[in-house]
file final_33.json (JSON, C-alpha atoms)
[["chain", "number", "residue", "atom", "x", "y", "z"],
["A", 1, "MET", "CA", 1.97, 8.58, -38.16],
["A", 2, "SER", "CA", 1.68, 6.75, -41.44],
["A", 3, "ARG", "CA", -1.32, 4.73, -42.54],
["A", 4, "ARG", "CA", 0.80, 1.58, -42.24],
["A", 5, "THR", "CA", 1.66, 2.42, -38.62],
["A", 6, "ASP", "CA", -1.98, 3.22, -37.82],
["A", 7, "LEU", "CA", -3.09, -0.11, -39.27],
["A", 8, "LEU", "CA", -0.41, -2.04, -37.37],
["A", 9, "ASP", "CA", -1.24, -0.27, -34.12],
["A", 10, "SER", "CA", -4.88, -1.20, -34.71],
["A", 11, "ALA", "CA", -3.87, -4.81, -35.42],
["A", 12, "ILE", "CA", -1.90, -4.90, -32.17],
["A", 13, "ASP", "CA", -4.91, -3.51, -30.33],
["A", 14, "VAL", "CA", -7.18, -6.16, -31.88],
["A", 15, "VAL", "CA", -4.85, -8.98, -30.84],
["A", 16, "GLY", "CA", -4.11, -7.53, -27.40],
["A", 17, "THR", "CA", -7.76, -6.92, -26.52],
["A", 18, "ASP", "CA", -9.75, -9.49, -28.53],
["A", 19, "GLY", "CA", -7.23, -12.30, -29.06],
["A", 20, "ILE", "CA", -5.26, -13.68, -31.98],
["A", 21, "ARG", "CA", -8.29, -15.33, -33.61],
["A", 22, "ALA", "CA", -9.93, -11.91, -33.93],
["A", 23, "LEU", "CA", -7.10, -10.70, -36.18],
["A", 24, "THR", "CA", -8.60, -10.21, -39.62],
["A", 25, "HIS", "CA", -8.01, -7.53, -42.21],
["A", 26, "ARG", "CA", -11.62, -6.41, -41.86],
["A", 27, "ARG", "CA", -11.35, -6.12, -38.05],
["A", 28, "VAL", "CA", -8.14, -4.09, -38.37],
["A", 29, "ASP", "CA", -9.82, -1.74, -40.88],
["A", 30, "GLU", "CA", -12.79, -1.28, -38.55],
["A", 31, "ARG", "CA", -10.55, -0.65, -35.51],
["A", 32, "ALA", "CA", -8.45, 1.84, -37.47],
["A", 33, "GLY", "CA", -11.54, 3.59, -38.83],
["A", 34, "VAL", "CA", -10.39, 3.29, -42.43],
["A", 35, "ALA", "CA", -12.03, 2.04, -45.60],
["A", 36, "LEU", "CA", -12.52, -1.72, -45.79],
["A", 37, "GLY", "CA", -9.69, -3.27, -47.78],
["A", 38, "SER", "CA", -7.03, -0.88, -46.51],
["A", 39, "ALA", "CA", -5.23, -3.50, -44.38],
["A", 40, "SER", "CA", -5.41, -6.16, -47.09],
["A", 41, "ASN", "CA", -4.06, -3.67, -49.60],
["A", 42, "LEU", "CA", -0.90, -3.18, -47.51],
["A", 43, "PHE", "CA", -0.70, -6.68, -46.03],
["A", 44, "ARG", "CA", -1.95, -9.18, -48.62],
["A", 45, "THR", "CA", -2.04, -12.18, -46.29],
["A", 46, "ARG", "CA", -2.64, -12.80, -42.61],
["A", 47, "ARG", "CA", 1.01, -13.86, -42.32],
["A", 48, "ALA", "CA", 2.10, -10.53, -43.83],
["A", 49, "LEU", "CA", -0.11, -8.78, -41.29],
["A", 50, "LEU", "CA", 1.39, -10.84, -38.43],
["A", 51, "GLU", "CA", 4.91, -10.05, -39.62],
["A", 52, "GLY", "CA", 3.97, -6.38, -39.82],
["A", 53, "VAL", "CA", 2.72, -6.62, -36.22],
["A", 54, "LEU", "CA", 6.07, -8.14, -35.21],
["A", 55, "ASP", "CA", 7.95, -5.33, -36.96],
["A", 56, "ARG", "CA", 5.82, -2.72, -35.21],
["A", 57, "LEU", "CA", 6.23, -4.39, -31.81],
["A", 58, "LEU", "CA", 10.01, -4.38, -32.33],
["A", 59, "GLU", "CA", 9.95, -0.72, -33.36],
["A", 60, "ILE", "CA", 7.98, 0.19, -30.24],
["A", 61, "ASP", "CA", 10.28, -1.90, -28.04],
["A", 62, "GLN", "CA", 13.30, -0.13, -29.49],
["A", 63, "GLN", "CA", 11.71, 3.23, -28.68],
["A", 64, "VAL", "CA", 10.89, 2.13, -25.13],
["A", 65, "VAL", "CA", 14.41, 0.78, -24.57],
["A", 66, "ALA", "CA", 15.90, 4.04, -25.90],
["A", 67, "SER", "CA", 13.66, 6.08, -23.60],
["A", 68, "ILE", "CA", 14.77, 3.97, -20.63],
["A", 69, "THR", "CA", 18.49, 3.75, -21.37],
["A", 70, "GLY", "CA", 19.03, 7.03, -23.20],
["A", 71, "THR", "CA", 21.92, 7.18, -25.61],
["A", 72, "SER", "CA", 24.17, 4.71, -23.81],
["A", 73, "LEU", "CA", 23.69, 1.14, -22.72],
["A", 74, "PRO", "CA", 23.63, 0.21, -19.03],
["A", 75, "ARG", "CA", 27.22, -0.10, -17.81],
["A", 76, "THR", "CA", 26.69, -1.77, -14.41],
["A", 77, "VAL", "CA", 24.72, -4.74, -13.11],
["A", 78, "ASP", "CA", 22.54, -2.34, -11.12],
["A", 79, "ALA", "CA", 21.83, -0.17, -14.17],
["A", 80, "LEU", "CA", 20.96, -3.18, -16.36],
["A", 81, "ALA", "CA", 18.68, -4.66, -13.67],
["A", 82, "GLY", "CA", 17.09, -1.23, -13.33],
["A", 83, "ALA", "CA", 16.55, -0.91, -17.09],
["A", 84, "LEU", "CA", 14.97, -4.38, -17.33],
["A", 85, "THR", "CA", 12.76, -3.57, -14.35],
["A", 86, "ALA", "CA", 11.70, -0.26, -15.90],
["A", 87, "TYR", "CA", 10.93, -2.08, -19.16],
["A", 88, "SER", "CA", 8.81, -4.62, -17.24],
["A", 89, "SER", "CA", 6.89, -1.89, -15.45],
["A", 90, "HIS", "CA", 6.22, -0.18, -18.76],
["A", 91, "ALA", "CA", 5.22, -3.44, -20.47],
["A", 92, "LEU", "CA", 2.76, -4.24, -17.69],
["A", 93, "GLY", "CA", 1.38, -0.72, -17.36],
["A", 94, "PRO", "CA", 0.91, 1.55, -20.36],
["A", 95, "GLU", "CA", 1.96, -1.19, -22.79],
["A", 96, "SER", "CA", -0.08, -4.07, -21.37],
["A", 97, "VAL", "CA", -2.23, -4.44, -24.50],
["A", 98, "ARG", "CA", 0.94, -4.68, -26.59],
["A", 99, "THR", "CA", 2.39, -7.19, -24.15],
["A", 100, "ARG", "CA", -0.71, -9.38, -24.44],
["A", 101, "ALA", "CA", -0.54, -9.06, -28.23],
["A", 102, "ARG", "CA", 3.14, -10.07, -28.24],
["A", 103, "PHE", "CA", 2.45, -13.25, -26.28],
["A", 104, "ALA", "CA", -0.58, -14.07, -28.42],
["A", 105, "VAL", "CA", 1.62, -13.89, -31.53],
["A", 106, "PHE", "CA", 4.27, -16.03, -29.77],
["A", 107, "ALA", "CA", 1.62, -18.65, -29.03],
["A", 108, "GLU", "CA", 0.36, -18.50, -32.62],
["A", 109, "ALA", "CA", 3.89, -19.30, -33.79],
["A", 110, "ALA", "CA", 3.93, -22.65, -31.97],
["A", 111, "GLY", "CA", 4.29, -25.26, -34.69],
["A", 112, "ASP", "CA", 4.66, -22.60, -37.39],
["A", 113, "ALA", "CA", 8.34, -22.63, -38.31],
["A", 114, "PRO", "CA", 8.31, -19.59, -40.65],
["A", 115, "LEU", "CA", 6.48, -17.43, -38.11],
["A", 116, "ASN", "CA", 8.75, -18.67, -35.33],
["A", 117, "THR", "CA", 11.76, -17.72, -37.46],
["A", 118, "ALA", "CA", 10.27, -14.26, -37.97],
["A", 119, "ILE", "CA", 9.84, -13.88, -34.21],
["A", 120, "GLU", "CA", 13.36, -15.06, -33.44],
["A", 121, "SER", "CA", 14.98, -12.72, -35.97],
["A", 122, "ARG", "CA", 13.24, -9.73, -34.40],
["A", 123, "ARG", "CA", 13.85, -10.96, -30.85],
["A", 124, "ALA", "CA", 17.56, -11.29, -31.65],
["A", 125, "GLU", "CA", 17.79, -7.51, -32.03],
["A", 126, "LEU", "CA", 16.59, -6.91, -28.50],
["A", 127, "ILE", "CA", 18.73, -9.71, -27.10],
["A", 128, "GLY", "CA", 21.63, -8.01, -28.88],
["A", 129, "VAL", "CA", 21.08, -4.88, -26.79],
["A", 130, "ILE", "CA", 21.32, -6.93, -23.59],
["A", 131, "THR", "CA", 24.37, -8.78, -24.93],
["A", 132, "ARG", "CA", 26.16, -5.50, -25.69],
["A", 133, "SER", "CA", 25.32, -4.19, -22.22],
["A", 134, "LEU", "CA", 26.64, -7.36, -20.57],
["A", 135, "THR", "CA", 29.82, -7.07, -22.65],
["A", 136, "ILE", "CA", 30.29, -3.49, -21.44],
["A", 137, "ILE", "CA", 29.69, -4.56, -17.83],
["A", 138, "GLY", "CA", 32.35, -7.25, -18.22],
["A", 139, "GLY", "CA", 33.00, -10.41, -16.28],
["A", 140, "VAL", "CA", 30.12, -12.30, -17.87],
["A", 141, "THR", "CA", 31.34, -15.68, -19.08],
["A", 142, "ASN", "CA", 29.00, -15.90, -22.08],
["A", 143, "PRO", "CA", 27.20, -12.59, -22.75],
["A", 144, "ALA", "CA", 25.05, -13.99, -25.58],
["A", 145, "ALA", "CA", 23.79, -16.93, -23.52],
["A", 146, "ALA", "CA", 23.28, -14.70, -20.49],
["A", 147, "ALA", "CA", 21.32, -12.21, -22.58],
["A", 148, "ARG", "CA", 19.06, -14.96, -23.89],
["A", 149, "ALA", "CA", 18.50, -16.23, -20.34],
["A", 150, "LEU", "CA", 17.72, -12.70, -19.14],
["A", 151, "SER", "CA", 15.28, -12.26, -22.00],
["A", 152, "ASP", "CA", 13.59, -15.53, -21.04],
["A", 153, "HIS", "CA", 13.48, -14.40, -17.39],
["A", 154, "LEU", "CA", 11.83, -11.14, -18.47],
["A", 155, "ASP", "CA", 9.34, -12.91, -20.77],
["A", 156, "GLY", "CA", 8.44, -15.39, -18.03],
["A", 157, "ALA", "CA", 7.76, -12.65, -15.50],
["A", 158, "LEU", "CA", 5.67, -10.70, -18.01],
["A", 159, "LEU", "CA", 3.70, -13.78, -19.07],
["A", 160, "HIS", "CA", 2.90, -14.78, -15.50],
["A", 161, "THR", "CA", 1.80, -11.27, -14.68],
["A", 162, "ILE", "CA", -0.47, -10.74, -17.70],
["A", 163, "THR", "CA", -2.13, -14.08, -16.96],
["A", 164, "GLY", "CA", -3.14, -12.93, -13.51],
["A", 165, "GLN", "CA", -0.23, -13.44, -11.12],
["A", 166, "HIS", "CA", 1.11, -10.49, -9.17],
["A", 167, "LEU", "CA", 4.61, -9.24, -9.96],
["A", 168, "ASP", "CA", 6.44, -7.75, -7.02],
["A", 169, "ILE", "CA", 8.59, -5.27, -8.92],
["A", 170, "ASP", "CA", 11.20, -5.06, -6.15],
["A", 171, "GLU", "CA", 11.58, -8.84, -6.09],
["A", 172, "PHE", "CA", 11.77, -8.88, -9.88],
["A", 173, "ARG", "CA", 14.61, -6.36, -9.79],
["A", 174, "ALA", "CA", 16.45, -8.34, -7.11],
["A", 175, "ALA", "CA", 15.95, -11.60, -9.03],
["A", 176, "THR", "CA", 17.18, -9.95, -12.22],
["A", 177, "GLU", "CA", 20.29, -8.70, -10.49],
["A", 178, "ARG", "CA", 20.95, -12.19, -9.02],
["A", 179, "HIS", "CA", 20.42, -13.66, -12.47],
["A", 180, "ILE", "CA", 23.02, -11.32, -14.03],
["A", 181, "ARG", "CA", 25.55, -11.98, -11.27],
["A", 182, "ALA", "CA", 25.12, -15.75, -11.68],
["A", 183, "TRP", "CA", 26.60, -15.42, -15.18],
["A", 184, "MET", "CA", 29.64, -13.54, -13.95],
["A", 185, "ARG", "CA", 32.99, -15.21, -13.40]]

call {"tool": "encode", "arguments": {"input": "final_33.json", "output": "structure tokens"}}
result
Amino acid sequence: MSRRTDLLDSAIDVVGTDGIRALTHRRVDERAGVALGSASNLFRTRRALLEGVLDRLLEIDQQVVASITGTSLPRTVDALAGALTAYSSHALGPESVRTRARFAVFAEAAGDAPLNTAIESRRAELIGVITRSLTIIGGVTNPAAAARALSDHLDGALLHTITGQHLDIDEFRAATERHIRAWMR
């Protein structure tokens, strides 16, 4: 891994374990075990560091999605519901610190239009994957709107779960499948 990646992974760990207010260049350097000033050398401002975190979260999400779906997008409602369920299980298990970090950055963006724009541009890439899958499945009246709604459904389930509510993974899968079918003609 590159030094940039190590610093961003450390920044994600700081946010996901200690909260968004703990995110400082110094804290990232300490967590990464590098010389003080390393993070500020690569990311001059806190905003640059936050945007780097968003880029890294997107990169990791793309890797996770590729590991779940392989080389082709889900081609059936069942396969898409299964992929979203697998992503949720991963996000709540081995990736729970990253999931907490993601939501902390989302909350930080409230009232911060430039940061919100940065989040939305990166989120659009992942919504695009769902849109393309829904287009392949066919019969969905508005794949882009359905993809956004599915993304919101996924985010809501993840948020509720990381804040202490139990997620019944079988019910999540069934609800996801119902959600997809509701958008079909």

call {"tool": "closest_residue", "arguments": {"input": "final_33.json", "among": "A:Asp112, A:Asp152, A:Asp168, A:Glu95", "to": "Gly16 (chain A)", "atoms": "all atoms listed in the file"}}
result
A:Glu95

call {"tool": "atom_distance", "arguments": {"input": "final_33.json", "atom1": "CA of Gly156 (chain A)", "atom2": "CA of Arg178 (chain A)"}}
result
15.7 Å

call {"tool": "residues_around", "arguments": {"input": "final_33.json", "residues": "region 35-47 of chain A", "least_positions_apart": "6", "cutoff": "10 Å", "atoms": "all atoms listed in the file", "output": "number ranges by chain"}}
result
A: 3-4, 6-8, 10-11, 23-29, 53, 114-115

call {"tool": "atom_distance", "arguments": {"input": "final_33.json", "atom1": "CA of Asn116 (chain A)", "atom2": "CA of Gln63 (chain A)"}}
result
23.1 Å

call {"tool": "closest_residue", "arguments": {"input": "final_33.json", "among": "A:Val15, A:Glu30, A:Ser67, A:Gly93", "to": "Leu49 (chain A)", "atoms": "only C-alpha atoms"}}
result
A:Val15

call {"tool": "closest_residue", "arguments": {"input": "final_33.json", "among": "A:Ile12, A:Ala32, A:Ala144, A:Ala124", "to": "Arg98 (chain A)", "atoms": "all atoms listed in the file"}}
result
A:Ile12

call {"tool": "closest_residue", "arguments": {"input": "final_33.json", "among": "A:Ile119, A:Leu150, A:Val140, A:Leu92", "to": "Ile162 (chain A)", "atoms": "only C-alpha atoms"}}
result
A:Leu92

call {"tool": "atom_distance", "arguments": {"input": "final_33.json", "atom1": "CA of Val105 (chain A)", "atom2": "CA of Ala66 (chain A)"}}
result
23.6 Å

call {"tool": "axis_aligned_box", "arguments": {"input": "final_33.json", "around": "region 158-172 of chain A", "padding_each_side": "4 Å", "output": "JSON"}}
result
{"center_x": 4.3, "center_y": -9.9, "center_z": -12.6, "size_x": 22.9, "size_y": 17.7, "size_z": 21.0}

call {"tool": "residues_around", "arguments": {"input": "final_33.json", "residues": "Ser89 (chain A)", "least_positions_apart": "3", "cutoff": "12 Å", "atoms": "only C-alpha atoms", "output": "CSV table (one decimal) with C-alpha atoms, in the coordinates of the input"}}
result
chain,number,residue,atom,x,y,z
A,64,VAL,CA,10.9,2.1,-25.1
A,68,ILE,CA,14.8,4.0,-20.6
A,82,GLY,CA,17.1,-1.2,-13.3
A,83,ALA,CA,16.6,-0.9,-17.1
A,84,LEU,CA,15.0,-4.4,-17.3
A,85,THR,CA,12.8,-3.6,-14.4
A,86,ALA,CA,11.7,-0.3,-15.9
A,92,LEU,CA,2.8,-4.2,-17.7
A,93,GLY,CA,1.4,-0.7,-17.4
A,94,PRO,CA,0.9,1.6,-20.4
A,95,GLU,CA,2.0,-1.2,-22.8
A,96,SER,CA,-0.1,-4.1,-21.4
A,99,THR,CA,2.4,-7.2,-24.2
A,154,LEU,CA,11.8,-11.1,-18.5
A,157,ALA,CA,7.8,-12.6,-15.5
A,158,LEU,CA,5.7,-10.7,-18.0
A,161,THR,CA,1.8,-11.3,-14.7
A,162,ILE,CA,-0.5,-10.7,-17.7
A,167,LEU,CA,4.6,-9.2,-10.0
A,168,ASP,CA,6.4,-7.8,-7.0
A,169,ILE,CA,8.6,-5.3,-8.9
A,170,ASP,CA,11.2,-5.1,-6.2
A,172,PHE,CA,11.8,-8.9,-9.9
A,173,ARG,CA,14.6,-6.4,-9.8

call {"tool": "closest_residue", "arguments": {"input": "final_33.json", "among": "A:Ile130, A:Leu54, A:Ile136, A:Ala175", "to": "Phe106 (chain A)", "atoms": "all atoms listed in the file"}}
result
A:Leu54

call {"tool": "closest_residue", "arguments": {"input": "final_33.json", "among": "A:Thr176, A:Leu159, A:Asp78, A:Arg102", "to": "Arg122 (chain A)", "atoms": "all atoms listed in the file"}}
result
A:Arg102

call {"tool": "residues_around", "arguments": {"input": "final_33.json", "residues": "Ala118 (chain A)", "least_positions_apart": "5", "cutoff": "9 Å", "atoms": "only C-alpha atoms", "output": "list in words"}}
result
Glu51, Leu54, Ala113 and Arg123 of chain A

call {"tool": "residues_near_point", "arguments": {"input": "final_33.json", "point": "(31.4, -12.0, -13.4)", "cutoff": "8 Å", "atoms": "all atoms listed in the file", "output": "list in words"}}
result
Gly138, Gly139, Val140, Thr141, Arg181, Ala182, Trp183, Met184 and Arg185 of chain A

call {"tool": "residues_near_point", "arguments": {"input": "final_33.json", "point": "(-4.2, -18.0, -36.6)", "cutoff": "8 Å", "atoms": "only C-alpha atoms", "output": "list in words"}}
result
Ile20, Arg21, Leu23 and Glu108 of chain A

call {"tool": "decode", "arguments": {"input": "final_33.json", "residues": "region 42-61 of chain A", "atoms": "N, CA and C atoms", "output": "mmCIF file, in the first residue's frame"}}
result
data_model
loop_
_atom_site.group_PDB
_atom_site.id
_atom_site.type_symbol
_atom_site.label_atom_id
_atom_site.label_comp_id
_atom_site.auth_asym_id
_atom_site.auth_seq_id
_atom_site.Cartn_x
_atom_site.Cartn_y
_atom_site.Cartn_z
ATOM 1 N N LEU A 42 0.416 15.726 2.714
ATOM 2 C CA LEU A 42 -0.379 15.203 1.596
ATOM 3 C C LEU A 42 -1.760 15.834 1.500
ATOM 4 N N PHE A 43 -2.326 16.194 2.642
ATOM 5 C CA PHE A 43 -3.673 16.764 2.697
ATOM 6 C C PHE A 43 -3.581 18.076 3.478
ATOM 7 N N ARG A 44 -3.422 19.170 2.764
ATOM 8 C CA ARG A 44 -3.107 20.465 3.386
ATOM 9 C C ARG A 44 -4.166 20.966 4.369
ATOM 10 N N THR A 45 -5.417 20.635 4.113
ATOM 11 C CA THR A 45 -6.503 21.127 4.956
ATOM 12 C C THR A 45 -7.320 19.950 5.478
ATOM 13 N N ARG A 46 -8.132 20.226 6.469
ATOM 14 C CA ARG A 46 -9.023 19.183 6.990
ATOM 15 C C ARG A 46 -10.008 18.754 5.906
ATOM 16 N N ARG A 47 -10.485 19.716 5.114
ATOM 17 C CA ARG A 47 -11.400 19.383 4.018
ATOM 18 C C ARG A 47 -10.715 18.447 3.020
ATOM 19 N N ALA A 48 -9.462 18.710 2.694
ATOM 20 C CA ALA A 48 -8.729 17.831 1.775
ATOM 21 C C ALA A 48 -8.604 16.429 2.375
ATOM 22 N N LEU A 49 -8.392 16.368 3.676
ATOM 23 C CA LEU A 49 -8.322 15.072 4.351
ATOM 24 C C LEU A 49 -9.677 14.370 4.300
ATOM 25 N N LEU A 50 -10.765 15.106 4.559
ATOM 26 C CA LEU A 50 -12.112 14.519 4.475
ATOM 27 C C LEU A 50 -12.416 14.029 3.064
ATOM 28 N N GLU A 51 -12.042 14.800 2.063
ATOM 29 C CA GLU A 51 -12.286 14.367 0.685
ATOM 30 C C GLU A 51 -11.435 13.142 0.342
ATOM 31 N N GLY A 52 -10.223 13.091 0.872
ATOM 32 C CA GLY A 52 -9.400 11.894 0.700
ATOM 33 C C GLY A 52 -10.052 10.679 1.344
ATOM 34 N N VAL A 53 -10.628 10.878 2.538
ATOM 35 C CA VAL A 53 -11.360 9.799 3.209
ATOM 36 C C VAL A 53 -12.511 9.327 2.328
ATOM 37 N N LEU A 54 -13.253 10.270 1.752
ATOM 38 C CA LEU A 54 -14.366 9.886 0.868
ATOM 39 C C LEU A 54 -13.871 9.089 -0.329
ATOM 40 N N ASP A 55 -12.769 9.526 -0.921
ATOM 41 C CA ASP A 55 -12.204 8.795 -2.062
ATOM 42 C C ASP A 55 -11.817 7.375 -1.659
ATOM 43 N N ARG A 56 -11.202 7.246 -0.500
ATOM 44 C CA ARG A 56 -10.771 5.928 -0.040
ATOM 45 C C ARG A 56 -11.969 5.038 0.281
ATOM 46 N N LEU A 57 -12.993 5.610 0.922
ATOM 47 C CA LEU A 57 -14.204 4.832 1.201
ATOM 48 C C LEU A 57 -14.833 4.333 -0.098
ATOM 49 N N LEU A 58 -14.872 5.188 -1.121
ATOM 50 C CA LEU A 58 -15.419 4.781 -2.416
ATOM 51 C C LEU A 58 -14.572 3.667 -3.023
ATOM 52 N N GLU A 59 -13.268 3.811 -2.968
ATOM 53 C CA GLU A 59 -12.372 2.788 -3.507
ATOM 54 C C GLU A 59 -12.611 1.440 -2.820
ATOM 55 N N ILE A 60 -12.732 1.471 -1.507
ATOM 56 C CA ILE A 60 -12.983 0.231 -0.761
ATOM 57 C C ILE A 60 -14.354 -0.341 -1.127
ATOM 58 N N ASP A 61 -15.363 0.528 -1.209
ATOM 59 C CA ASP A 61 -16.700 0.062 -1.593
ATOM 60 C C ASP A 61 -16.679 -0.594 -2.969
#
